[in-house]
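Taking it in order: structure first as structure tokens, then the write-up.
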Amino acid sequence: MNCQQAQEWISLAIDEMLPAEEQEQLAAHCQDCDACRALVAAGSALHASFSQMALPEVPDHFACQLRQRLTMENNEHPRRQPIYLHKWFKGIAAAACLMLLFGLSGVWLNFSAGGADTKASDAGGSANGWATEETTSDMPSDSSVFLQEDSVAADDVGLDADTQEYMTQEGVSASQSTEVLERKIIQDVYLQLKVEDFDEAYQKLNDLAQQYGGYTVSGEVYTNENDIATSGFISLRVEADSLSQALSDIQQLGAITERQFHTDDVTYEYYDTQSRLEQYEKQKTRLLDFYQKAESIEDLLALEQELNRVQMELDALQGTMNYYDQLTALSLISINLYTPSRYDVAVEPRGFAGFWRDVQEAFLNGVNGALDFCAGLLLFIVRLFPLWLVLALALAFIFRRRRKNRLKQDGQNGV
Amino acid sequence: MPIFSRASTSTKEEQERIKACRAGNIDAFADLIVPYQQHVFHIGLQMLHNPEDAADMLQETMLKAYRGLPSFRGEAQFSTWLYRIAVNCCRDFLRKAYKQKELSFSDLTGEGDGDGEPNIADYSFMPEQAVLDGESDAYLRRLIAGLSPKYRLAIILREFCDLSYEEIGRITNVSQGTVKSRLSRARAAMSRQALLDAEQFPQAARLTGQKEG
């Protein structure tokens with residue numbers, strides 16, 4: 001070890017950073033070397049003296065002067081105070097939270113109400129673009145209004161201009177076009193009927209169809225697990241004139257929870273078919289005339305062929321007419337029958353399968369609820385957008401004003 | 001005192017104050033710098049030899065610190081950060097003095113620290129009166145003042161600001177090894193001068209660890 005090495009170690013030793021092993025080496029070196037021994041002593045003494053030295057006091061005017069300069073600095077380059085440091089922040093945050101809570105409860109209520117609505121319309125069945133009305137008891141009066149209206153419309157005859165023009169073009173006689181024409185209207189009614197005794201109601205509806213000159217078009221019956229009929233569907237045709245009466249009879253069977261009307265005005269098609277039918281009749285008469293006067297075999301054959309064609313057209317048109325006649329003469333009543341759900345009286349072990357399904361359902365309901373809630377919250381926040389804007393502006397204004405005040409105060413204090 | 005202890009640890013209170021300062025709170029800043037202002041002033045006095053310059057440098061340092069606080073990320077200790085600003089301030093003052101008075105000085109920082117360093121210390125101006133007065137503080141200051149600037153700075157940061165080698169290295173932009181060698185050279189130079197003085201003036205003997213007389 002040389003003295004230069006020792007010099008570095010002495011310094012480390014003073015700072016208490018020299019490892020023990022090297023401390024021993026240094027001590028050994030110092031025993032032989034007077035100069036290094038003196039350096040150790042002097043260095044340690046100096047270190048001790050330095051640590052006892054008093055720190056100089058800062059100039060008296062330092063604090064004052066600094067304050068002035070910092071105030072100037074603040075005025076020249078105003079600093080933005082983070083909003084969370086502000087005195088009012090907690091209060092405003094609390095108020096905002098409270099408001100949010102109110103809003104949320106509002107959203108929550110809205111949501112549950114909305115859910116109920118959806119359920120109700122689900123139960124109401126499909127609308128199919130029909131005029132849908134939900135009723136409970138005032139069915140007869142309403143339906144009679146509907147039917148009266150219809151009969152009035154039927155009296156108020158007269159085809160639209162198009163039809164008249166068409167008829168004259170086709171050579172329909174003037175007497176026919178001015179003749180009082182009956183409106184041809186197909187009426188469909190759809191009912192949702194709640195009954196206490198399904199079987200009895202179903203039977204009565206069947207009877208009703210026959211009573212009013214119609215028939216049962218179709219029927220479906222659904223039973224529950226105990227083989228008891230709980231719901232079903234039946235469609236009847238009754239004479240159009242007795243529709244009103246039939247509906248009020250059905251009303252007696254139970255509670256009508258929904259009804260839909262649908263009318264199809266086929267007047268135009270009906271009379272169009274009718275006029276074409278007449279044209280063909282005339283043609284047929286003329287052809288028969290020719291047929292009787294025909295002299296050559298070729299003429300006879302040609303005429304017979306033509307007669308056949310006309311007859312086929314006539315049959316087809318007649319079929320259409322009959323179809324329309326039937327549709328308009330007999331109105332269709334479709335009835336969805338159901339019985340109010342009852343609690344099963346019998347106690348049956350359901351097993352865990354059912355329980356797990358319930359758990360699953362509950363879990364899914366929970367998840368859906370949470371999602372709905374989040375969506376609602378988001379919607380709520382978005383919906384309040386104008387309010388946020390106003391709030392932000394107000395806050396910005398307040399902060400600005402307060403900062404100005406503070407700066408002014410600092411300036412006045414002048415420290 | 002172990003070198004790992006610090007003049008001040010970054011307390012929660014200090015962090016709160018720093019946060020408030022960023023928002024422009026002057027009172028918080030005043031509280032924040034109280035534990036360090038004397039040290040900074042001391043650095044200025046020792047480095048600049050001139051109380052007026054030291055006072056100016058103190059003001060300048062604190063103003064710079066206040067301006068720079070928003071960009072202080074808290075990666076280093078606040079004290080280290082503040083001393084670094086102080087050291088940079090001193091360098092600016094010395095540079096100005098160098099331009100005005102054509103004084104020679106070695107750069108405070110940087111790696112130009114070869115073995116053939118000509119001037120570690122210059123005690124030619126050491127007035128005998130200081131030694132004769134027997135006032136140890138004044139004598140010790142003179143002893144430090146005799147060191148050339150970068151050695152002086154290392155000694156001040158170590159002995160008075162009680163900073164670790166690592167912190168000193170960070171403040172002066174040099175490695176810990178360089179800090180180690182600077183400290184040992186500075187101490188050796190001061191010790192030799194003190195021993196010389198002790199031979200001449202018995203009053204200084206106790207500062208060298210030798211018995212008086």
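Numbering starts fresh at 1 for the residues of each chain in the structure tokens, the chains themselves are lettered A, B, ... in the order given, and ligands are numbered from 1 as they appear.
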Return as JSON lines the residues of chain A lying at most 7 Å from chain B, together with the closest atom-to-atom pair for each and the distance in Å to one decimal, counting only C-alpha atoms, with rows in chain order and ascending residue number.
{"residue": "A:Gln7", "atom": "CA", "partner": "B:Ser184", "partner_atom": "CA", "distance": 6.2}
{"residue": "A:Glu8", "atom": "CA", "partner": "B:Ser184", "partner_atom": "CA", "distance": 5.0}
{"residue": "A:Ser11", "atom": "CA", "partner": "B:Ser184", "partner_atom": "CA", "distance": 4.8}
{"residue": "A:Asp15", "atom": "CA", "partner": "B:Ile3", "partner_atom": "CA", "distance": 6.5}
{"residue": "A:Glu16", "atom": "CA", "partner": "B:Pro2", "partner_atom": "CA", "distance": 6.5}
{"residue": "A:Leu39", "atom": "CA", "partner": "B:Ser191", "partner_atom": "CA", "distance": 5.9}
{"residue": "A:Ala41", "atom": "CA", "partner": "B:Gly209", "partner_atom": "CA", "distance": 5.1}
{"residue": "A:Ala42", "atom": "CA", "partner": "B:Thr208", "partner_atom": "CA", "distance": 3.8}
{"residue": "A:Gly43", "atom": "CA", "partner": "B:Ser191", "partner_atom": "CA", "distance": 5.5}
{"residue": "A:Ala45", "atom": "CA", "partner": "B:Gly209", "partner_atom": "CA", "distance": 5.1}
{"residue": "A:Leu46", "atom": "CA", "partner": "B:Leu207", "partner_atom": "CA", "distance": 6.0}
{"residue": "A:Phe50", "atom": "CA", "partner": "B:Glu159", "partner_atom": "CA", "distance": 6.4}
{"residue": "A:Ser51", "atom": "CA", "partner": "B:Glu159", "partner_atom": "CA", "distance": 6.6}
{"residue": "A:Met53", "atom": "CA", "partner": "B:Asp137", "partner_atom": "CA", "distance": 6.1}
{"residue": "A:Leu55", "atom": "CA", "partner": "B:Gln38", "partner_atom": "CA", "distance": 6.4}
{"residue": "A:Pro56", "atom": "CA", "partner": "B:His42", "partner_atom": "CA", "distance": 6.2}
{"residue": "A:Glu57", "atom": "CA", "partner": "B:Gln38", "partner_atom": "CA", "distance": 6.2}
{"residue": "A:Val58", "atom": "CA", "partner": "B:Gln38", "partner_atom": "CA", "distance": 5.8}
{"residue": "A:Pro59", "atom": "CA", "partner": "B:Ala55", "partner_atom": "CA", "distance": 6.8}
{"residue": "A:Leu66", "atom": "CA", "partner": "B:Gln59", "partner_atom": "CA", "distance": 6.4}
{"residue": "A:Arg67", "atom": "CA", "partner": "B:Ile26", "partner_atom": "CA", "distance": 7.0}
{"residue": "A:Leu70", "atom": "CA", "partner": "B:Ile26", "partner_atom": "CA", "distance": 6.9}
{"residue": "A:Asn74", "atom": "CA", "partner": "B:Gly24", "partner_atom": "CA", "distance": 6.6}
{"residue": "A:Arg79", "atom": "CA", "partner": "B:Gly24", "partner_atom": "CA", "distance": 5.6}
{"residue": "A:Arg80", "atom": "CA", "partner": "B:Ala23", "partner_atom": "CA", "distance": 5.8}
{"residue": "A:Gln81", "atom": "CA", "partner": "B:Ala23", "partner_atom": "CA", "distance": 4.3}
{"residue": "A:Pro82", "atom": "CA", "partner": "B:Ala23", "partner_atom": "CA", "distance": 6.7}
Since we have the selection now, will you write its residues out, keeping N, CA and C atoms, as a short mmCIF file (atom, residue, chain, number, x, y, z; two decimals), in the first residue's frame?
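The result, stored in part.cif:
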data_model
loop_
_atom_site.label_atom_id
_atom_site.label_comp_id
_atom_site.auth_asym_id
_atom_site.auth_seq_id
_atom_site.Cartn_x
_atom_site.Cartn_y
_atom_site.Cartn_z
N GLN A 7 -4.41 7.88 1.26
CA GLN A 7 -5.11 9.16 1.29
C GLN A 7 -6.60 8.98 0.97
N GLU A 8 -6.86 8.14 -0.04
CA GLU A 8 -8.26 7.90 -0.43
C GLU A 8 -9.01 7.14 0.67
N SER A 11 -10.05 9.27 3.63
CA SER A 11 -11.28 10.01 3.36
C SER A 11 -12.51 9.12 3.52
N ASP A 15 -15.75 9.14 6.31
CA ASP A 15 -17.18 9.04 5.96
C ASP A 15 -17.78 7.71 6.39
N GLU A 16 -16.98 6.92 7.11
CA GLU A 16 -17.43 5.62 7.61
C GLU A 16 -17.86 4.71 6.47
N LEU A 39 -2.17 12.75 8.76
CA LEU A 39 -3.33 13.05 7.90
C LEU A 39 -4.62 12.49 8.50
N ALA A 41 -5.27 11.93 11.64
CA ALA A 41 -5.64 12.73 12.82
C ALA A 41 -6.23 14.07 12.39
N ALA A 42 -5.53 14.75 11.47
CA ALA A 42 -5.98 16.07 11.05
C ALA A 42 -7.33 15.98 10.33
N GLY A 43 -7.46 14.99 9.44
CA GLY A 43 -8.71 14.83 8.67
C GLY A 43 -9.89 14.60 9.60
N ALA A 45 -10.11 15.37 12.76
CA ALA A 45 -10.36 16.56 13.56
C ALA A 45 -11.11 17.60 12.74
N LEU A 46 -10.71 17.78 11.49
CA LEU A 46 -11.38 18.75 10.63
C LEU A 46 -12.85 18.37 10.41
N PHE A 50 -15.95 20.65 11.25
CA PHE A 50 -16.94 21.07 10.24
C PHE A 50 -18.35 20.79 10.73
N SER A 51 -18.52 19.62 11.33
CA SER A 51 -19.89 19.25 11.74
C SER A 51 -20.37 20.15 12.87
N MET A 53 -19.58 23.39 12.97
CA MET A 53 -19.66 24.76 12.46
C MET A 53 -21.10 25.24 12.37
N LEU A 55 -24.21 27.12 10.85
CA LEU A 55 -24.63 27.50 9.49
C LEU A 55 -24.85 29.00 9.46
N PRO A 56 -24.50 29.66 8.37
CA PRO A 56 -24.72 31.10 8.31
C PRO A 56 -26.21 31.42 8.26
N GLU A 57 -26.60 32.50 8.96
CA GLU A 57 -28.01 32.93 8.88
C GLU A 57 -28.26 33.59 7.53
N VAL A 58 -29.43 33.32 6.96
CA VAL A 58 -29.75 33.96 5.69
C VAL A 58 -30.01 35.44 5.96
N PRO A 59 -29.80 36.30 4.98
CA PRO A 59 -30.01 37.74 5.19
C PRO A 59 -31.43 38.02 5.67
N LEU A 66 -38.12 37.55 -1.24
CA LEU A 66 -38.55 36.38 -2.00
C LEU A 66 -40.06 36.41 -2.21
N ARG A 67 -40.78 36.76 -1.13
CA ARG A 67 -42.23 36.82 -1.19
C ARG A 67 -42.70 37.79 -2.28
N LEU A 70 -42.00 36.33 -5.66
CA LEU A 70 -42.91 35.23 -6.00
C LEU A 70 -44.30 35.76 -6.31
N ASN A 74 -46.29 35.17 -9.61
CA ASN A 74 -47.66 34.64 -9.67
C ASN A 74 -48.54 35.51 -10.55
N ARG A 79 -50.98 30.67 -11.79
CA ARG A 79 -50.99 29.20 -11.79
C ARG A 79 -52.40 28.70 -11.60
N ARG A 80 -52.63 27.65 -12.26
CA ARG A 80 -53.93 27.01 -12.09
C ARG A 80 -53.88 26.10 -10.89
N GLN A 81 -54.83 26.32 -10.01
CA GLN A 81 -54.90 25.42 -8.87
C GLN A 81 -55.70 24.19 -9.28
N PRO A 82 -55.15 23.01 -9.02
CA PRO A 82 -55.91 21.82 -9.36
C PRO A 82 -57.25 21.85 -8.63
#
Residue neighbourhood A:Ala13, 10 Å, only C-alpha atoms, exclusion window fewer than 3 positions, as a PyMOL selection string: chain A and resi 7-10+16-20+22-23+26+40+43-44
DSSP-assigned alpha helix (DSSP H) members of stretch 182-404 of chain A, reported as a PyMOL selection string: chain A and resi 198-211+243-253+267-293+297-329+351-383+385-404
Nearby residues (only C-alpha atoms) at most 10 Å from stretch 373-381 of chain A, same-chain spacing under 3 positions excluded, as a VMD selection string: chain A and resid 100 103 to 108 110 to 111 367 to 370 384 to 388
Pick from B:Leu196, B:Leu32, B:Val179, B:Ile171, whichever lies nearest to B:Thr80 using only C-alpha atoms: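 Smallest separation from B:Thr80 among the options: B:Ile171.
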For stretch 10-15 of chain B: contacts at 9 Å, only C-alpha atoms, fewer than 5 positions along chain excluded, given as a CSV table (one decimal) with C-alpha atoms, in the first residue's frame:
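Saved to selection36.csv:
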chain,number,residue,atom,x,y,z
B,20,ALA,CA,-49.7,23.5,-2.8
B,31,ASP,CA,-42.4,26.7,4.6
B,32,LEU,CA,-41.0,24.2,2.1
B,74,GLY,CA,-40.4,13.8,-7.4
B,77,GLN,CA,-35.5,14.1,-3.4
B,78,PHE,CA,-36.6,17.7,-3.2
B,79,SER,CA,-33.4,18.6,-1.4
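Straight-line separation from atom CA of A:Val382 to atom CA of A:Arg400: 26.8 Å.
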Residues flagged strand (DSSP E) by DSSP in stretch 210-267 of chain A, as JSON, numbers by chain: {"A": [215, 216, 217, 218, 219, 220, 221, 222, 223, 229, 230, 231, 232, 233, 234, 235, 236, 237, 238, 239, 255, 256, 257, 258, 259, 260, 261, 262, 263, 264, 265]}
For the selection you just gave me, I'd like the residues written to a file as a short mmCIF file (atom, residue, chain, number, x, y, z; two decimals), in the first residue's frame, keeping N, CA and C atoms.
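Below is the file again-v8.cif, written as the result:
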data_model
loop_
_atom_site.label_atom_id
_atom_site.label_comp_id
_atom_site.auth_asym_id
_atom_site.auth_seq_id
_atom_site.Cartn_x
_atom_site.Cartn_y
_atom_site.Cartn_z
N TYR A 215 -119.86 -20.86 -39.19
CA TYR A 215 -119.25 -22.14 -38.84
C TYR A 215 -117.91 -21.88 -38.14
N THR A 216 -117.40 -22.93 -37.55
CA THR A 216 -116.09 -22.81 -36.90
C THR A 216 -115.01 -23.08 -37.93
N VAL A 217 -114.13 -22.13 -38.12
CA VAL A 217 -113.10 -22.28 -39.14
C VAL A 217 -111.95 -23.16 -38.64
N SER A 218 -111.49 -22.86 -37.46
CA SER A 218 -110.39 -23.67 -36.91
C SER A 218 -110.37 -23.54 -35.40
N GLY A 219 -109.71 -24.47 -34.78
CA GLY A 219 -109.61 -24.39 -33.33
C GLY A 219 -108.37 -25.10 -32.83
N GLU A 220 -107.81 -24.58 -31.78
CA GLU A 220 -106.64 -25.22 -31.15
C GLU A 220 -106.85 -25.19 -29.65
N VAL A 221 -106.45 -26.26 -28.99
CA VAL A 221 -106.58 -26.31 -27.54
C VAL A 221 -105.24 -26.72 -26.94
N TYR A 222 -104.79 -25.98 -25.97
CA TYR A 222 -103.54 -26.34 -25.28
C TYR A 222 -103.86 -26.73 -23.85
N THR A 223 -103.25 -27.82 -23.42
CA THR A 223 -103.50 -28.26 -22.05
C THR A 223 -102.22 -28.10 -21.23
N ALA A 229 -107.33 -28.13 -20.03
CA ALA A 229 -107.21 -27.12 -21.08
C ALA A 229 -107.12 -25.75 -20.43
N THR A 230 -106.08 -25.03 -20.76
CA THR A 230 -105.92 -23.71 -20.15
C THR A 230 -105.97 -22.60 -21.18
N SER A 231 -105.63 -22.92 -22.41
CA SER A 231 -105.67 -21.88 -23.42
C SER A 231 -105.91 -22.50 -24.79
N GLY A 232 -106.33 -21.66 -25.71
CA GLY A 232 -106.62 -22.19 -27.04
C GLY A 232 -106.95 -21.07 -27.99
N PHE A 233 -107.21 -21.49 -29.22
CA PHE A 233 -107.50 -20.50 -30.25
C PHE A 233 -108.67 -21.02 -31.07
N ILE A 234 -109.59 -20.15 -31.36
CA ILE A 234 -110.73 -20.58 -32.18
C ILE A 234 -111.09 -19.45 -33.12
N SER A 235 -111.38 -19.81 -34.36
CA SER A 235 -111.85 -18.76 -35.27
C SER A 235 -113.18 -19.19 -35.88
N LEU A 236 -114.10 -18.21 -35.90
CA LEU A 236 -115.47 -18.48 -36.35
C LEU A 236 -115.81 -17.57 -37.51
N ARG A 237 -116.77 -18.01 -38.27
CA ARG A 237 -117.38 -17.09 -39.22
C ARG A 237 -118.84 -16.96 -38.86
N VAL A 238 -119.30 -15.71 -38.80
CA VAL A 238 -120.73 -15.47 -38.54
C VAL A 238 -121.24 -14.51 -39.59
N GLU A 239 -122.55 -14.47 -39.76
CA GLU A 239 -123.13 -13.54 -40.74
C GLU A 239 -122.74 -12.12 -40.39
N ALA A 255 -113.87 -11.97 -19.95
CA ALA A 255 -113.36 -10.61 -20.07
C ALA A 255 -112.52 -10.51 -21.34
N ILE A 256 -112.85 -9.49 -22.15
CA ILE A 256 -112.06 -9.27 -23.37
C ILE A 256 -110.89 -8.36 -23.01
N THR A 257 -109.70 -8.87 -23.15
CA THR A 257 -108.54 -8.08 -22.74
C THR A 257 -107.87 -7.38 -23.92
N GLU A 258 -108.23 -7.81 -25.11
CA GLU A 258 -107.67 -7.12 -26.26
C GLU A 258 -108.57 -7.39 -27.46
N ARG A 259 -108.72 -6.37 -28.30
CA ARG A 259 -109.45 -6.65 -29.54
C ARG A 259 -108.86 -5.84 -30.66
N GLN A 260 -108.95 -6.41 -31.84
CA GLN A 260 -108.43 -5.74 -33.02
C GLN A 260 -109.47 -5.88 -34.13
N PHE A 261 -109.65 -4.79 -34.87
CA PHE A 261 -110.55 -4.83 -36.03
C PHE A 261 -109.73 -4.72 -37.29
N HIS A 262 -110.20 -5.37 -38.29
CA HIS A 262 -109.54 -5.21 -39.58
C HIS A 262 -110.60 -5.26 -40.66
N THR A 263 -110.62 -4.25 -41.51
CA THR A 263 -111.60 -4.30 -42.60
C THR A 263 -110.87 -4.21 -43.92
N ASP A 264 -111.43 -4.86 -44.91
CA ASP A 264 -110.83 -4.84 -46.24
C ASP A 264 -111.95 -4.48 -47.21
N ASP A 265 -111.84 -3.30 -47.84
CA ASP A 265 -112.89 -2.84 -48.75
C ASP A 265 -112.63 -3.43 -50.13
#
